[in-house]
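data-v3.txt, holding compact mmCIF, C-alpha atoms:
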```txt
# COMPACT_ATOMS: atom_id res chain seq x y z
CA MET X 228 0.00 0.00 0.00
CA THR X 229 1.35 3.42 -0.96
CA THR X 230 2.34 5.58 1.98
CA LYS X 231 2.38 9.38 2.14
CA LYS X 232 6.16 9.25 1.97
CA HIS X 233 5.96 7.43 -1.36
CA VAL X 234 3.33 9.84 -2.65
CA LEU X 235 5.59 12.77 -1.75
CA ALA X 236 8.55 11.14 -3.48
CA ALA X 237 6.47 10.70 -6.61
CA MET X 238 5.40 14.34 -6.55
CA ILE X 239 8.92 15.64 -6.18
CA ALA X 240 10.28 13.38 -8.91
CA ALA X 241 7.40 13.70 -11.37
CA PRO X 242 8.10 15.92 -14.39
CA VAL X 243 6.00 19.10 -14.38
CA ALA X 244 5.30 19.02 -18.11
CA PHE X 245 2.49 16.49 -17.83
CA ALA X 246 -0.99 17.57 -18.86
CA PHE X 247 -3.78 17.39 -16.30
CA ALA X 248 -5.68 14.62 -18.05
CA ALA X 249 -4.61 11.46 -19.83
CA PRO X 250 -6.19 8.23 -21.05
CA ALA X 251 -6.74 5.71 -18.28
CA ASN X 252 -7.54 2.27 -19.55
CA ALA X 253 -6.68 -1.18 -18.23
CA GLN X 254 -3.17 -1.52 -16.92
CA VAL X 255 -0.53 -3.66 -18.63
CA GLY X 256 0.72 -6.79 -16.86
CA GLY X 257 -0.36 -5.62 -13.42
CA ILE X 258 1.90 -2.54 -13.62
CA ALA X 259 0.57 1.01 -13.61
CA SER X 260 1.78 4.55 -13.14
CA ALA X 261 0.25 7.61 -11.50
CA THR X 262 1.18 11.26 -11.10
CA PRO X 263 -0.19 12.83 -7.90
CA VAL X 264 -0.11 16.37 -9.29
CA ARG X 265 -2.15 15.23 -12.29
CA VAL X 266 -4.60 13.45 -10.02
CA ILE X 267 -5.16 16.44 -7.73
CA ALA X 268 -5.42 18.98 -10.56
CA GLY X 269 -7.79 16.71 -12.46
CA THR X 270 -10.41 16.37 -9.72
CA LYS X 271 -13.76 18.13 -9.68
CA ALA X 272 -12.99 19.38 -6.19
CA PHE X 273 -9.88 21.22 -7.34
CA GLY X 274 -11.72 22.81 -10.25
CA ALA X 275 -14.53 23.93 -7.96
CA ALA X 276 -12.02 25.28 -5.44
CA GLN X 277 -10.30 27.29 -8.18
CA GLN X 278 -13.59 28.89 -9.18
CA GLN X 279 -14.41 29.70 -5.57
CA ILE X 280 -10.96 31.20 -4.97
CA SER X 281 -11.29 33.34 -8.11
CA THR X 282 -14.55 34.75 -6.80
CA THR X 283 -13.61 35.11 -3.14
CA TYR X 284 -10.28 36.82 -3.82
CA LYS X 285 -11.23 38.73 -6.96
CA ALA X 286 -10.35 42.09 -5.39
CA ALA X 287 -6.92 40.80 -4.31
CA PHE X 288 -6.19 39.47 -7.81
CA GLU X 289 -7.12 42.86 -9.28
CA GLN X 290 -4.81 44.58 -6.80
CA LEU X 291 -2.02 42.17 -7.74
CA ALA X 292 -2.43 43.05 -11.41
CA GLN X 293 -2.37 46.75 -10.56
CA ARG X 294 0.78 46.30 -8.46
CA ARG X 295 2.53 44.49 -11.31
CA GLN X 296 1.60 47.30 -13.66
CA ALA X 297 2.82 49.88 -11.16
CA LEU X 298 6.17 48.07 -10.94
CA GLU X 299 6.45 48.01 -14.72
CA ASN X 300 5.68 51.73 -14.91
CA GLU X 301 8.24 52.48 -12.20
CA VAL X 302 11.02 50.38 -13.69
CA LYS X 303 10.53 51.23 -17.38
CA PRO X 304 12.16 54.70 -17.31
CA LEU X 305 15.01 53.32 -15.20
CA LEU X 306 15.67 50.59 -17.75
CA THR X 307 15.64 53.23 -20.48
CA GLN X 308 18.56 54.88 -18.72
CA LEU X 309 20.53 51.63 -19.00
CA ASP X 310 19.66 51.12 -22.66
CA THR X 311 22.61 53.06 -24.02
CA ASN X 312 22.20 51.96 -27.65
CA LYS X 313 18.45 52.70 -27.57
CA ASP X 314 17.41 49.38 -29.11
CA GLY X 315 14.56 48.90 -26.66
CA GLN X 316 16.23 46.27 -24.49
CA VAL X 317 18.99 46.08 -21.89
CA SER X 318 21.73 43.67 -22.91
CA ASP X 319 24.05 41.86 -20.53
CA ALA X 320 26.87 44.16 -21.64
CA GLU X 321 24.80 47.29 -20.90
CA LEU X 322 23.82 45.91 -17.52
CA GLN X 323 27.43 45.11 -16.67
CA THR X 324 28.53 48.58 -17.73
CA ALA X 325 25.90 50.14 -15.48
CA GLN X 326 26.95 47.97 -12.56
CA ASN X 327 30.62 48.82 -13.04
CA ALA X 328 29.75 52.51 -13.15
CA LYS X 329 27.54 52.12 -10.06
CA ASN X 330 24.63 53.64 -11.94
CA PRO X 331 22.01 54.63 -9.31
CA ALA X 332 19.27 53.24 -11.59
CA ILE X 333 20.41 49.72 -10.66
CA ALA X 334 19.74 50.24 -6.96
CA LYS X 335 16.42 51.92 -7.70
CA ILE X 336 15.30 48.97 -9.84
CA GLN X 337 16.28 46.47 -7.16
CA THR X 338 14.45 48.46 -4.48
CA ALA X 339 11.34 48.72 -6.65
CA GLN X 340 11.37 44.99 -7.33
CA THR X 341 11.84 44.12 -3.65
CA ASN X 342 9.01 46.40 -2.57
CA ALA X 343 6.71 45.00 -5.25
CA GLN X 344 7.52 41.41 -4.32
CA ASN X 345 6.69 42.13 -0.67
CA ASP X 346 3.41 43.81 -1.61
CA MET X 347 2.40 41.01 -3.98
CA ALA X 348 3.26 38.34 -1.42
CA ARG X 349 1.03 40.09 1.10
CA LEU X 350 -1.82 40.46 -1.38
CA GLY X 351 -1.56 36.92 -2.71
CA ASN X 352 -1.00 35.05 0.56
CA PRO X 353 -4.70 34.50 1.46
CA ALA X 354 -5.48 33.02 -1.96
CA GLN X 355 -2.33 30.90 -1.83
CA ARG X 356 -3.34 29.49 1.56
CA ALA X 357 -6.85 28.81 0.29
CA GLU X 358 -5.46 26.81 -2.63
CA LEU X 359 -3.05 24.92 -0.37
CA PHE X 360 -5.88 24.00 1.98
CA ALA X 361 -7.98 22.71 -0.93
CA ILE X 362 -5.04 20.70 -2.27
CA GLU X 363 -4.33 19.14 1.11
CA SER X 364 -7.98 18.25 1.63
CA ILE X 365 -8.01 16.43 -1.72
CA LEU X 366 -4.63 14.84 -1.08
CA GLN X 367 -6.02 13.21 2.06
CA LYS X 368 -8.31 11.18 -0.22
CA TYR X 369 -5.51 10.06 -2.52
CA GLU X 370 -4.42 6.82 -0.87
CA ALA X 371 -7.93 5.41 -0.48
CA ALA X 372 -8.80 6.30 -4.07
CA GLN X 373 -5.60 4.75 -5.41
CA LEU X 374 -6.20 1.57 -3.41
CA SER X 375 -9.71 1.33 -4.82
CA VAL X 376 -8.39 1.57 -8.39
CA VAL X 377 -5.59 -0.89 -7.66
CA ASN X 378 -8.01 -3.47 -6.27
CA ALA X 379 -10.57 -3.00 -9.06
CA ARG X 380 -7.97 -3.42 -11.79
CA LYS X 381 -5.86 -6.05 -10.02
CA ILE X 382 -2.76 -3.90 -10.20
CA ASN X 383 0.35 -5.25 -8.50
CA VAL X 384 2.71 -2.28 -8.80
CA VAL X 385 2.20 1.48 -9.19
CA LEU X 386 5.28 3.43 -10.29
CA SER X 387 6.11 7.03 -11.11
CA PRO X 388 5.93 7.77 -14.86
CA GLU X 389 9.59 8.76 -15.12
CA VAL X 390 10.60 5.21 -14.16
CA PHE X 391 9.37 3.91 -17.53
CA MET X 392 11.51 4.19 -20.65
CA TYR X 393 8.36 3.34 -22.60
CA ALA X 394 4.77 2.66 -21.61
CA PRO X 395 1.43 2.89 -23.43
CA ASP X 396 -1.13 5.45 -22.28
CA SER X 397 -3.18 2.66 -20.74
CA VAL X 398 -0.59 2.26 -17.97
CA ASP X 399 -1.45 5.67 -16.48
CA ILE X 400 -4.21 5.47 -13.86
CA SER X 401 -4.06 9.11 -12.76
CA GLN X 402 -7.41 9.92 -14.33
CA ALA X 403 -8.99 6.85 -12.75
CA ILE X 404 -7.75 7.88 -9.31
CA ALA X 405 -9.11 11.39 -9.84
CA ALA X 406 -12.48 9.93 -10.86
CA GLU X 407 -12.50 7.83 -7.69
CA ILE X 408 -11.88 10.93 -5.57
CA ASP X 409 -14.72 12.68 -7.42
CA LYS X 410 -17.14 10.00 -6.17
CA THR X 411 -16.54 10.80 -2.50
CA THR X 412 -15.22 14.36 -2.55
CA PRO X 413 -16.75 16.54 -5.28
CA THR X 414 -15.96 19.71 -3.31
CA VAL X 415 -13.63 20.85 -0.53
CA GLY X 416 -13.36 23.95 1.61
CA ILE X 417 -10.92 26.77 0.95
CA GLN X 418 -10.83 28.41 4.40
CA PRO X 419 -8.09 26.90 6.59
CA PRO X 420 -8.07 27.29 10.39
CA ALA X 421 -6.10 30.25 11.69
CA ASN X 422 -3.07 28.22 12.85
CA TRP X 423 -3.10 25.70 9.98
CA GLN X 424 0.18 25.03 8.17
CA PRO X 425 0.41 23.06 4.90
CA ALA X 426 2.30 19.78 4.75
CA ARG X 427 5.41 19.40 2.65
CA GLU X 428 3.69 17.33 -0.02
CA THR X 429 0.96 19.97 -0.29
CA LEU X 430 3.54 22.64 -1.05
CA ALA X 431 5.16 20.36 -3.64
CA ILE X 432 1.83 19.86 -5.40
CA GLN X 433 1.12 23.60 -5.51
CA GLN X 434 4.58 24.39 -6.85
CA GLN X 435 4.22 21.86 -9.66
CA ILE X 436 0.77 23.14 -10.58
CA ALA X 437 2.17 26.68 -10.68
CA GLN X 438 4.96 25.51 -12.98
CA ILE X 439 2.50 23.81 -15.30
CA ARG X 440 0.41 26.98 -15.45
CA SER X 441 3.54 28.97 -16.27
CA TYR X 442 4.49 26.60 -19.10
CA GLN X 443 0.96 26.63 -20.47
CA ALA X 444 0.82 30.44 -20.36
CA ALA X 445 4.18 30.71 -22.13
CA ALA X 446 3.06 28.23 -24.79
CA ALA X 447 -0.17 30.18 -25.32
CA GLN X 448 1.80 33.43 -25.73
CA GLN X 449 4.13 31.75 -28.21
CA ARG X 450 1.20 30.45 -30.26
CA ALA X 451 -0.41 33.89 -30.23
CA ALA X 452 2.84 35.51 -31.37
CA GLN X 453 3.26 32.96 -34.16
CA SER X 454 -0.29 33.49 -35.36
CA GLN X 455 0.29 37.26 -35.52
CA GLN X 456 3.48 36.76 -37.52
CA ALA X 457 1.81 34.41 -40.04
CA PRO X 458 1.37 36.22 -43.41
CA ALA X 459 -2.25 36.94 -44.28
CA ALA X 460 -3.70 36.02 -47.67
CA PRO X 461 -3.96 38.99 -50.10
CA ALA X 462 -7.36 40.66 -50.22
CA GLY X 463 -9.74 38.86 -52.53
CA GLN X 464 -7.64 35.71 -52.61
CA PRO X 465 -8.34 32.54 -50.61
CA ALA X 466 -5.73 31.23 -48.24
CA LYS X 467 -3.38 28.65 -49.73
CA PRO X 468 -4.67 25.14 -48.99
CA ALA X 469 -2.52 22.78 -46.99
CA GLU X 470 -0.25 20.46 -48.95
CA PRO X 471 -1.66 16.91 -49.24
CA ARG X 472 0.22 14.29 -47.28
```

What does this structure look like when you write it as structure tokens?
Amino acid sequence: MTTKKHVLAAMIAAPVAFAFAAPANAQVGGIASATPVRVIAGTKAFGAAQQQISTTYKAAFEQLAQRRQALENEVKPLLTQLDTNKDGQVSDAELQTAQNAKNPAIAKIQTAQTNAQNDMARLGNPAQRAELFAIESILQKYEAAQLSVVNARKINVVLSPEVFMYAPDSVDISQAIAAEIDKTTPTVGIQPPANWQPARETLAIQQQIAQIRSYQAAAAQQRAAQSQQAPAAPAGQPAKPAEPR
């Protein structure tokens, strides 16, 4: 039976690039794999908690966006001072030159960033704790849900995905475990007790989810940039059809 220690080890080792959902069919030869971060993020309870957090802390999220914009507005003219060749960006060489010359703009930028980070941490802390509490509440259901899937499918071994050099999609039971949690825990609370502190595995889950969000946001920005750079068809002419394969 998987212990919390093993679940934590799987979370720390699991690559963050996994999507939240994956096919979950019958296992192969009694061997299966599962990714705790995928399980937690794929549950109905986590989705519902995210929606509730977005509503409850809407004002704080708006203030965070405003603080980020204020930092950008404060730093932009300081960066312009460092941009000696006026190409719209500060190169490593320009930054090094400014540091060697002890340009006061460097210290001002660092101070602005530190102040903004402190403000944003204060503004975002309640929502962060709410998400951690939801994650931990769902994580408490993980072992029982995994055991139920293991027994139903007669699985002998559950490994972390990175252990496999190759495995078909049917080996992954993350979605099945999430579905099992959905049966008993469709929702969780987001308001932790005053003295509550998250467990280590809870923090690991949140960090990996944050990394996945960051990668997904970067990929979306890249796709948007590529679509803007794609040449448009001349007026009155249809777009060129795709080449047949």

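In terms of minimum interatomic distance to Asp409 in chain X, X:Lys368 ranks closest within X:Arg440, X:Lys368, X:Lys313, X:Arg427, counting all atoms listed in the file.
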
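Here CA of Gln326 in chain X and CA of Arg294 in chain X stand 26.5 Å from one another.
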
Exercise for review: For range 335-339 of chain X, work out the shell of residues within 9 Å, counting all atoms listed in the file and skipping chain neighbours fewer than 6 positions away, then give it as an NGL selection string.
Suggested key: :X and (298 or 301-302 or 305-306)

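Ranking X:Ser364, X:Ser260, X:Ser397, X:Asn300 by their shortest atom-to-atom distance to Gly416 in chain X, with all atoms listed in the file included, puts X:Ser364 first.
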
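Here CA of Ala446 in chain X is placed at a distance of 24.4 Å from CA of Leu430 in chain X.
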
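Residues in contact with Asp346 in chain X at 10 Å, where only C-alpha atoms are counted and same-chain residues fewer than 4 positions away are skipped, are listed as Gln290, Leu291, Arg294, Arg295, Gln340, Thr341, Asn342, Leu350 and Gly351 of chain X.
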
Review point. Which distance in Å separates CA of Ile436 in chain X and CA of Ile362 in chain X, to one decimal?
Key: 10.4 Å

Check your understanding: Closest to Ala403 in chain X among X:Ala348, X:Leu309, X:Ala261, X:Ala431, using all atoms listed in the file?
Key -> X:Ala261

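Checking X:Asn312, X:Gln279, X:Phe288, X:Gln296 one by one against Arg349 in chain X, counting only C-alpha atoms, you find the shortest gap at X:Phe288.
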
Exercise for review: Would you kindly identify which residues have an atom no farther than 9 Å from (-11.1, 22.8, 0.7), using all atoms listed in the file and the file's own coordinates, and write them out as number ranges by chain?
Suggested key: X: 272-273, 276, 357-365, 414-419
